[in-house]
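Chemist: This is the content of run22.json (JSON, C-alpha atoms):
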[["chain", "number", "residue", "atom", "x", "y", "z"],
["A", 1, "MET", "CA", -200.92, 20.35, 67.29],
["A", 2, "GLN", "CA", -200.53, 21.49, 70.88],
["A", 3, "PRO", "CA", -197.21, 23.08, 71.91],
["A", 4, "ILE", "CA", -194.99, 21.07, 74.22],
["A", 5, "VAL", "CA", -193.40, 22.95, 77.09],
["A", 6, "HIS", "CA", -190.13, 21.36, 78.11],
["A", 7, "LYS", "CA", -188.30, 22.01, 81.33],
["A", 8, "THR", "CA", -186.31, 24.59, 79.38],
["A", 9, "MET", "CA", -188.13, 26.43, 76.60],
["A", 10, "PRO", "CA", -186.49, 28.36, 73.76],
["A", 11, "PRO", "CA", -187.06, 32.10, 73.54],
["A", 12, "GLY", "CA", -190.60, 32.89, 72.51],
["A", 13, "PRO", "CA", -193.91, 34.03, 73.92],
["A", 14, "GLY", "CA", -193.38, 32.33, 77.26],
["A", 15, "CYS", "CA", -193.67, 33.77, 80.73],
["A", 16, "ALA", "CA", -190.24, 35.36, 81.15],
["A", 17, "ARG", "CA", -187.90, 37.55, 79.16],
["A", 18, "PRO", "CA", -184.73, 36.11, 77.65],
["A", 19, "ALA", "CA", -181.65, 36.39, 79.82],
["A", 20, "PRO", "CA", -178.64, 38.23, 78.35],
["A", 21, "ARG", "CA", -176.12, 35.92, 76.69],
["A", 22, "GLY", "CA", -172.69, 35.48, 78.14],
["A", 23, "GLY", "CA", -173.65, 36.90, 81.53],
["A", 24, "SER", "CA", -171.91, 40.23, 81.06],
["A", 25, "ARG", "CA", -174.43, 42.18, 78.97],
["A", 26, "ILE", "CA", -176.86, 44.00, 81.21],
["A", 27, "SER", "CA", -179.91, 45.79, 79.84],
["A", 28, "GLY", "CA", -180.23, 49.54, 80.09],
["A", 29, "ALA", "CA", -183.42, 49.06, 82.12],
["A", 30, "ALA", "CA", -181.49, 47.14, 84.78],
["A", 31, "LEU", "CA", -178.85, 49.85, 84.96],
["A", 32, "ARG", "CA", -181.54, 52.51, 85.29],
["A", 33, "SER", "CA", -183.46, 50.71, 88.04],
["A", 34, "SER", "CA", -183.46, 52.11, 91.54],
["A", 35, "THR", "CA", -181.18, 49.31, 92.68],
["A", 36, "GLY", "CA", -178.51, 51.03, 90.57],
["A", 37, "ILE", "CA", -175.17, 49.64, 89.54],
["A", 38, "ALA", "CA", -175.02, 47.22, 92.48],
["A", 39, "ALA", "CA", -178.04, 45.36, 91.17],
["A", 40, "ALA", "CA", -176.55, 45.24, 87.68],
["A", 41, "ILE", "CA", -173.30, 43.81, 89.03],
["A", 42, "THR", "CA", -175.22, 41.23, 91.05],
["A", 43, "LEU", "CA", -177.14, 40.23, 87.94],
["A", 44, "ALA", "CA", -173.94, 39.95, 85.93],
["A", 45, "LEU", "CA", -172.33, 37.71, 88.54],
["A", 46, "THR", "CA", -175.43, 35.57, 88.77],
["A", 47, "LEU", "CA", -175.58, 35.07, 85.03],
["A", 48, "ALA", "CA", -171.86, 34.40, 84.89],
["A", 49, "VAL", "CA", -172.31, 31.60, 87.42],
["A", 50, "GLY", "CA", -175.07, 30.23, 85.23],
["A", 51, "ALA", "CA", -172.65, 30.13, 82.31],
["A", 52, "ALA", "CA", -170.01, 28.14, 84.23],
["A", 53, "PRO", "CA", -169.36, 24.44, 83.51],
["A", 54, "ALA", "CA", -172.16, 22.16, 84.71],
["A", 55, "ALA", "CA", -169.94, 20.40, 87.24],
["A", 56, "ALA", "CA", -169.09, 23.66, 88.98],
["A", 57, "GLN", "CA", -172.46, 25.42, 89.04],
["A", 58, "LYS", "CA", -175.48, 25.28, 91.28],
["A", 59, "SER", "CA", -178.94, 24.64, 89.96],
["A", 60, "ALA", "CA", -180.69, 27.51, 88.20],
["A", 61, "ALA", "CA", -183.31, 27.62, 90.95],
["A", 62, "ASP", "CA", -180.61, 27.91, 93.64],
["A", 63, "GLY", "CA", -178.83, 30.65, 91.72],
["A", 64, "ILE", "CA", -181.98, 32.72, 91.25],
["A", 65, "ALA", "CA", -182.94, 32.21, 94.89],
["A", 66, "GLU", "CA", -179.54, 33.53, 96.02],
["A", 67, "TYR", "CA", -179.81, 36.47, 93.63],
["A", 68, "ARG", "CA", -183.20, 37.45, 95.04],
["A", 69, "ALA", "CA", -181.97, 37.01, 98.61],
["A", 70, "MET", "CA", -179.03, 39.35, 97.97],
["A", 71, "LEU", "CA", -181.40, 42.05, 96.72],
["A", 72, "ALA", "CA", -184.17, 41.45, 99.24],
["A", 73, "ASP", "CA", -182.61, 43.56, 102.00],
["A", 74, "GLY", "CA", -182.70, 46.56, 99.70],
["A", 75, "ASN", "CA", -185.90, 45.74, 97.82],
["A", 76, "PRO", "CA", -186.82, 49.00, 96.02],
["A", 77, "ALA", "CA", -190.48, 48.09, 96.59],
["A", 78, "GLU", "CA", -190.03, 49.79, 99.96],
["A", 79, "LEU", "CA", -189.92, 53.13, 98.13],
["A", 80, "PHE", "CA", -193.27, 52.36, 96.52],
["A", 81, "GLU", "CA", -194.68, 51.28, 99.88],
["A", 82, "ALA", "CA", -193.78, 54.60, 101.45],
["A", 83, "LYS", "CA", -195.33, 56.48, 98.55],
["A", 84, "GLY", "CA", -198.46, 54.33, 98.73],
["A", 85, "GLU", "CA", -198.99, 55.05, 102.43],
["A", 86, "ASP", "CA", -198.68, 58.76, 101.75],
["A", 87, "LEU", "CA", -201.18, 58.56, 98.87],
["A", 88, "TRP", "CA", -203.65, 56.64, 101.05],
["A", 89, "LYS", "CA", -203.66, 59.44, 103.64],
["A", 90, "LYS", "CA", -203.34, 62.43, 101.31],
["A", 91, "PRO", "CA", -206.44, 64.43, 100.25],
["A", 92, "ARG", "CA", -206.65, 64.27, 96.45],
["A", 93, "GLY", "CA", -209.05, 64.58, 93.52],
["A", 94, "PRO", "CA", -211.99, 66.89, 92.87],
["A", 95, "LYS", "CA", -213.41, 66.09, 96.33],
["A", 96, "ASN", "CA", -210.05, 66.76, 98.05],
["A", 97, "ALA", "CA", -210.45, 63.63, 100.18],
["A", 98, "SER", "CA", -208.14, 60.83, 101.30],
["A", 99, "LEU", "CA", -208.72, 57.09, 100.93],
["A", 100, "GLU", "CA", -208.74, 56.52, 104.69],
["A", 101, "ARG", "CA", -212.46, 55.63, 104.64],
["A", 102, "CYS", "CA", -212.01, 53.11, 101.80],
["A", 103, "ASP", "CA", -213.45, 49.69, 102.69],
["A", 104, "LEU", "CA", -211.20, 46.92, 101.40],
["A", 105, "GLY", "CA", -213.41, 44.22, 102.87],
["A", 106, "LEU", "CA", -212.65, 44.43, 106.58],
["A", 107, "GLY", "CA", -214.37, 47.74, 107.26],
["A", 108, "PRO", "CA", -213.71, 51.40, 106.34],
["A", 109, "GLY", "CA", -210.05, 52.27, 106.69],
["A", 110, "VAL", "CA", -208.89, 48.77, 107.74],
["A", 111, "VAL", "CA", -205.84, 47.84, 105.68],
["A", 112, "LYS", "CA", -203.93, 45.23, 107.66],
["A", 113, "GLY", "CA", -205.07, 41.76, 106.66],
["A", 114, "ALA", "CA", -207.19, 42.96, 103.73],
["A", 115, "TRP", "CA", -204.81, 41.92, 100.94],
["A", 116, "VAL", "CA", -204.79, 38.21, 101.80],
["A", 117, "GLN", "CA", -208.60, 38.13, 101.53],
["A", 118, "LEU", "CA", -208.89, 39.75, 98.11],
["A", 119, "PRO", "CA", -210.60, 39.38, 95.65],
["A", 120, "ARG", "CA", -213.93, 39.14, 97.47],
["A", 121, "TRP", "CA", -217.62, 40.10, 97.18],
["A", 122, "PHE", "CA", -218.60, 43.71, 97.95],
["A", 123, "ALA", "CA", -222.25, 44.46, 98.63],
["A", 124, "ASP", "CA", -222.06, 48.15, 97.67],
["A", 125, "THR", "CA", -220.91, 47.41, 94.11],
["A", 126, "GLN", "CA", -222.61, 44.00, 93.85],
["A", 127, "ARG", "CA", -219.38, 42.64, 92.40],
["A", 128, "VAL", "CA", -216.38, 40.53, 93.28],
["A", 129, "GLN", "CA", -213.44, 42.91, 93.26],
["A", 130, "ASP", "CA", -209.70, 42.55, 93.55],
["A", 131, "LEU", "CA", -207.54, 45.17, 95.24],
["A", 132, "GLU", "CA", -207.17, 47.39, 92.20],
["A", 133, "SER", "CA", -210.78, 47.35, 91.05],
["A", 134, "ARG", "CA", -211.78, 48.12, 94.65],
["A", 135, "LEU", "CA", -209.35, 51.03, 94.76],
["A", 136, "LEU", "CA", -210.92, 52.36, 91.56],
["A", 137, "THR", "CA", -214.29, 52.34, 93.33],
["A", 138, "CYS", "CA", -212.89, 54.16, 96.36],
["A", 139, "MET", "CA", -211.03, 56.73, 94.28],
["A", 140, "GLU", "CA", -214.19, 57.54, 92.35],
["A", 141, "THR", "CA", -216.65, 57.62, 95.25],
["A", 142, "LEU", "CA", -214.40, 59.23, 97.88],
["A", 143, "GLN", "CA", -212.09, 61.42, 95.80],
["A", 144, "GLY", "CA", -214.07, 62.02, 92.61],
["A", 145, "ILE", "CA", -211.35, 60.57, 90.36],
["A", 146, "PRO", "CA", -213.09, 58.85, 87.40],
["A", 147, "ALA", "CA", -212.46, 55.11, 87.55],
["A", 148, "ALA", "CA", -212.87, 54.65, 83.80],
["A", 149, "GLU", "CA", -210.16, 57.22, 83.08],
["A", 150, "VAL", "CA", -207.71, 55.52, 85.44],
["A", 151, "ALA", "CA", -208.48, 52.11, 83.92],
["A", 152, "LYS", "CA", -207.70, 53.45, 80.42],
["A", 153, "THR", "CA", -204.36, 54.94, 81.48],
["A", 154, "PRO", "CA", -201.32, 52.94, 80.26],
["A", 155, "PHE", "CA", -199.33, 51.05, 82.88],
["A", 156, "GLY", "CA", -196.59, 53.15, 84.44],
["A", 157, "LYS", "CA", -198.29, 56.44, 83.54],
["A", 158, "GLY", "CA", -200.39, 58.97, 85.44],
["A", 159, "GLU", "CA", -202.77, 57.52, 88.00],
["A", 160, "GLN", "CA", -201.52, 54.01, 87.22],
["A", 161, "VAL", "CA", -198.38, 54.97, 89.11],
["A", 162, "THR", "CA", -200.64, 55.86, 92.03],
["A", 163, "MET", "CA", -202.34, 52.46, 91.80],
["A", 164, "GLU", "CA", -199.00, 50.64, 91.83],
["A", 165, "ALA", "CA", -197.82, 52.49, 94.93],
["A", 166, "LEU", "CA", -201.11, 51.88, 96.75],
["A", 167, "ALA", "CA", -200.96, 48.18, 95.84],
["A", 168, "ALA", "CA", -197.40, 47.97, 97.20],
["A", 169, "TRP", "CA", -198.28, 49.51, 100.57],
["A", 170, "ILE", "CA", -201.58, 47.72, 101.08],
["A", 171, "SER", "CA", -200.10, 44.30, 100.24],
["A", 172, "ALA", "CA", -197.11, 45.01, 102.51],
["A", 173, "GLU", "CA", -199.49, 45.61, 105.42],
["A", 174, "SER", "CA", -200.46, 41.90, 105.17],
["A", 175, "ARG", "CA", -196.93, 40.57, 104.70],
["A", 176, "GLY", "CA", -196.44, 37.33, 106.63],
["A", 177, "GLN", "CA", -200.16, 36.56, 106.77],
["A", 178, "ARG", "CA", -201.72, 33.58, 105.03],
["A", 179, "MET", "CA", -203.85, 33.74, 101.89],
["A", 180, "ASN", "CA", -207.47, 33.16, 102.85],
["A", 181, "LEU", "CA", -209.86, 34.28, 100.11],
["A", 182, "PRO", "CA", -213.56, 33.89, 100.99],
["A", 183, "GLN", "CA", -215.78, 31.58, 98.94],
["A", 184, "ALA", "CA", -219.06, 31.86, 100.79],
["A", 185, "HIS", "CA", -220.95, 34.12, 98.38],
["A", 186, "PRO", "CA", -222.37, 32.58, 95.16],
["A", 187, "GLU", "CA", -220.61, 35.25, 93.09],
["A", 188, "GLU", "CA", -217.26, 34.37, 94.65],
["A", 189, "LYS", "CA", -217.83, 30.76, 93.62],
["A", 190, "ARG", "CA", -218.91, 31.82, 90.12],
["A", 191, "MET", "CA", -215.77, 33.90, 89.70],
["A", 192, "TYR", "CA", -213.62, 30.97, 90.81],
["A", 193, "ALA", "CA", -215.25, 28.80, 88.14],
["A", 194, "LEU", "CA", -214.79, 31.53, 85.52],
["A", 195, "GLY", "CA", -211.14, 31.94, 86.52],
["A", 196, "GLN", "CA", -210.58, 28.21, 86.25],
["A", 197, "LYS", "CA", -212.08, 28.19, 82.76],
["A", 198, "ALA", "CA", -209.94, 31.16, 81.72],
["A", 199, "PHE", "CA", -206.82, 29.51, 83.17],
["A", 200, "PHE", "CA", -207.20, 26.47, 80.90],
["A", 201, "PHE", "CA", -208.58, 28.28, 77.83],
["A", 202, "ARG", "CA", -206.26, 27.88, 74.84],
["A", 203, "GLY", "CA", -206.24, 30.22, 71.88],
["A", 204, "GLY", "CA", -204.37, 32.83, 69.92],
["A", 205, "PRO", "CA", -201.71, 32.26, 67.27],
["A", 206, "MET", "CA", -199.61, 30.11, 69.63],
["A", 207, "ASP", "CA", -202.54, 28.10, 71.04],
["A", 208, "PHE", "CA", -201.38, 29.03, 74.53],
["A", 209, "ALA", "CA", -203.20, 29.16, 77.86],
["A", 210, "CYS", "CA", -202.21, 30.14, 81.38],
["A", 211, "SER", "CA", -201.95, 26.42, 82.04],
["A", 212, "THR", "CA", -199.34, 26.04, 79.27],
["A", 213, "CYS", "CA", -196.78, 27.55, 81.63],
["A", 214, "HIS", "CA", -198.44, 27.11, 85.01],
["A", 215, "GLY", "CA", -200.46, 23.89, 84.72],
["A", 216, "ASP", "CA", -197.83, 21.28, 85.60],
["A", 217, "ALA", "CA", -195.17, 20.74, 88.23],
["A", 218, "ASN", "CA", -191.43, 21.19, 87.68],
["A", 219, "LYS", "CA", -191.55, 23.38, 84.59],
["A", 220, "ARG", "CA", -188.99, 26.01, 83.76],
["A", 221, "ILE", "CA", -188.51, 28.51, 80.95],
["A", 222, "ARG", "CA", -184.85, 29.37, 80.51],
["A", 223, "LEU", "CA", -183.77, 30.41, 84.05],
["A", 224, "GLN", "CA", -187.26, 30.95, 85.42],
["A", 225, "ASP", "CA", -189.12, 28.34, 87.45],
["A", 226, "LEU", "CA", -192.82, 28.23, 86.60],
["A", 227, "PRO", "CA", -194.98, 27.54, 89.66],
["A", 228, "ASP", "CA", -197.92, 25.17, 89.26],
["A", 229, "LEU", "CA", -200.87, 27.46, 90.00],
["A", 230, "ARG", "CA", -203.54, 24.76, 89.95],
["A", 231, "GLY", "CA", -202.93, 24.40, 93.69],
["A", 232, "ASN", "CA", -200.88, 25.97, 96.45],
["A", 233, "PRO", "CA", -197.32, 26.33, 95.06],
["A", 234, "GLY", "CA", -195.93, 27.22, 98.50],
["A", 235, "ASP", "CA", -195.15, 30.22, 100.67],
["A", 236, "GLY", "CA", -194.29, 33.40, 98.79],
["A", 237, "VAL", "CA", -194.73, 31.80, 95.38],
["A", 238, "GLY", "CA", -197.14, 32.68, 92.60],
["A", 239, "PHE", "CA", -200.12, 34.71, 93.78],
["A", 240, "ALA", "CA", -198.58, 35.18, 97.24],
["A", 241, "ALA", "CA", -195.60, 37.08, 95.78],
["A", 242, "TRP", "CA", -197.41, 39.79, 93.81],
["A", 243, "PRO", "CA", -197.29, 42.76, 93.51],
["A", 244, "ALA", "CA", -193.55, 42.72, 92.98],
["A", 245, "TYR", "CA", -190.62, 44.92, 92.01],
["A", 246, "ARG", "CA", -189.22, 43.98, 88.59],
["A", 247, "VAL", "CA", -185.45, 44.51, 88.53],
["A", 248, "SER", "CA", -185.35, 44.13, 84.75],
["A", 249, "SER", "CA", -187.62, 47.12, 84.20],
["A", 250, "GLY", "CA", -187.09, 49.08, 87.42],
["A", 251, "GLU", "CA", -190.85, 49.15, 88.05],
["A", 252, "LEU", "CA", -193.39, 47.93, 90.58],
["A", 253, "TRP", "CA", -195.80, 45.53, 88.89],
["A", 254, "SER", "CA", -199.25, 44.92, 90.32],
["A", 255, "MET", "CA", -201.20, 41.70, 89.79],
["A", 256, "GLN", "CA", -203.35, 43.44, 87.17],
["A", 257, "ARG", "CA", -200.23, 44.39, 85.21],
["A", 258, "ARG", "CA", -198.81, 40.89, 85.59],
["A", 259, "LEU", "CA", -201.97, 39.28, 84.24],
["A", 260, "ASN", "CA", -202.36, 41.70, 81.35],
["A", 261, "ASP", "CA", -198.73, 41.12, 80.39],
["A", 262, "CYS", "CA", -199.22, 37.35, 80.51],
["A", 263, "TYR", "CA", -201.96, 37.75, 77.92],
["A", 264, "ARG", "CA", -199.60, 39.85, 75.82],
["A", 265, "GLN", "CA", -196.97, 37.13, 76.01],
["A", 266, "GLN", "CA", -199.55, 34.61, 74.82],
["A", 267, "ARG", "CA", -200.18, 36.94, 71.84],
["A", 268, "PHE", "CA", -203.68, 37.74, 73.08],
["A", 269, "PRO", "CA", -205.07, 41.29, 73.20],
["A", 270, "TYR", "CA", -204.97, 42.93, 76.61],
["A", 271, "PRO", "CA", -208.09, 41.85, 78.51],
["A", 272, "GLY", "CA", -208.29, 45.30, 80.10],
["A", 273, "TYR", "CA", -207.41, 46.78, 83.47],
["A", 274, "ALA", "CA", -209.65, 45.45, 86.27],
["A", 275, "SER", "CA", -211.66, 43.43, 83.74],
["A", 276, "GLU", "CA", -213.83, 40.56, 84.91],
["A", 277, "VAL", "CA", -211.52, 37.90, 83.51],
["A", 278, "THR", "CA", -208.45, 39.28, 85.32],
["A", 279, "VAL", "CA", -210.37, 39.45, 88.60],
["A", 280, "ALA", "CA", -211.64, 35.90, 88.01],
["A", 281, "LEU", "CA", -208.11, 34.62, 87.40],
["A", 282, "SER", "CA", -207.03, 36.26, 90.65],
["A", 283, "VAL", "CA", -209.88, 34.51, 92.47],
["A", 284, "TYR", "CA", -208.82, 31.17, 90.99],
["A", 285, "MET", "CA", -205.14, 31.59, 91.87],
["A", 286, "GLY", "CA", -205.84, 33.16, 95.26],
["A", 287, "VAL", "CA", -208.24, 30.45, 96.41],
["A", 288, "ASN", "CA", -205.82, 27.77, 95.21],
["A", 289, "ALA", "CA", -203.06, 29.46, 97.23],
["A", 290, "LYS", "CA", -205.02, 29.18, 100.50],
["A", 291, "GLY", "CA", -202.62, 28.96, 103.43],
["A", 292, "ALA", "CA", -199.60, 30.31, 101.55],
["A", 293, "GLU", "CA", -197.66, 33.09, 103.28],
["A", 294, "SER", "CA", -197.78, 36.42, 101.48],
["A", 295, "ILE", "CA", -194.39, 38.10, 100.89],
["A", 296, "ALA", "CA", -195.75, 40.87, 98.67],
["A", 297, "PRO", "CA", -194.40, 43.08, 97.41],
["A", 298, "ALA", "CA", -191.69, 40.63, 96.44],
["A", 299, "ILE", "CA", -188.73, 41.13, 94.11],
["A", 300, "LYS", "CA", -188.50, 39.58, 90.66],
["A", 301, "ARG", "CA", -185.77, 39.57, 88.08]]
Could I get this file's structure written as structure tokens?

Modeler:
Amino acid sequence: MQPIVHKTMPPGPGCARPAPRGGSRISGAALRSSTGIAAAITLALTLAVGAAPAAAQKSAADGIAEYRAMLADGNPAELFEAKGEDLWKKPRGPKNASLERCDLGLGPGVVKGAWVQLPRWFADTQRVQDLESRLLTCMETLQGIPAAEVAKTPFGKGEQVTMEALAAWISAESRGQRMNLPQAHPEEKRMYALGQKAFFFRGGPMDFACSTCHGDANKRIRLQDLPDLRGNPGDGVGFAAWPAYRVSSGELWSMQRRLNDCYRQQRFPYPGYASEVTVALSVYMGVNAKGAESIAPAIKR
């Protein structure tokens, strides 16, 4: 029997963490985040409003939108952006070289506008690559840092921290531009088809798929709206909002981390960092989001 996703789902392996009950209990992670106590207070007030009588409260979507807007001016992702720019220009690795000659699809060293056209086909690797798999190639070829070792590193550790900062800065350089992933090469089209298949594939102990949460309009899990990723969900929504700063964990999450964690929430094994299926899913979502304005790195609860 297939699971039914209502507009509000009970706690479980969905696509968002449970909100604290009562509105006054804030997680230690939130208190430790770089937004500090102010962010925790904002979260408490937001949740308290959500606990008010129905006649006196705004919609959950309005409340979350206001919460994000209040934090947006001081989005801690800016700290990661600054670090990412420094890492791009800094000589590192066994070859003591920078990443300034890395080709992200628009020519060596060209960063602005690259993010909104990734993933795409690269002739030198004969593969369709997203931002992070492309950075692995550049780090290995230019700096001598083994790509396989970085890919095996747990999220939030070692060189994965470097990857998150680079993703923040590179995506920020295309902020305000429109998603426009290429689909001219046969491999780009193949990866779109593979991503579509993966998006609707159901399995695991919960018989879940990406489409369980993101395959219909007007779905919500607890306080979190679930964008319909079969098409363009709008400016700064879905694919056009990642990477993003997660207030709940005080970390910058890349798209690779987001996708791997979605598989975890479905009770699947991790598909692997920069694996073909994660790149294919990015192609599927990115092509579907054509024309959406990128606001990455955004801020998430």

Chemist: So, with only C-alpha atoms as the atoms that count, which of A:Arg92, A:Lys219, A:Cys102, A:Leu181 lies closest to Glu159 (chain A)?

Modeler: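 Nearest candidate to Glu159 (chain A) out of A:Arg92, A:Lys219, A:Cys102, A:Leu181: A:Arg92.
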
Chemist: Counting all atoms listed in the file, I want the residues whose atoms come within 10 Å of (-198.5, 27.8, 100.1) in the file frame, returned as a list in words.

Modeler: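 The distance filter leaves exactly Arg178, Met179, Gly231, Asn232, Pro233, Gly234, Asp235, Gly236, Val237, Gly238, Phe239, Ala240, Asn288, Ala289, Lys290, Gly291, Ala292, Glu293 and Ser294 of chain A.
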
Chemist: For Gly272 (chain A), which of A:Met206, A:Val150, A:Ala168, A:Ala241 is the closest residue, counting only C-alpha atoms?

Modeler: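 Residue with the minimum atom-to-atom distance to Gly272 (chain A): A:Val150.
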
Chemist: Set the distance at 12 Å and use only C-alpha atoms: which residues neighbour Pro91 (chain A) once local chain neighbours fewer than 4 positions away are removed? I'd like the list as a ChimeraX atom specification.

Modeler: /A:86-87,95-101,139,142-145

Chemist: Which value, in Å to one decimal, gives the distance between CA of Gly84 (chain A) and CA of Ser254 (chain A)?

Modeler: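 Taking CA of Gly84 (chain A) as the start and CA of Ser254 (chain A) as the end point, the length is 12.6 Å.
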
Chemist: Considering only C-alpha atoms, can you say which of A:Phe208, A:Trp88, A:Trp242, A:Trp169 comes closest to Cys262 (chain A)?

Modeler: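 The answer is A:Phe208, which sits nearest to Cys262 (chain A).
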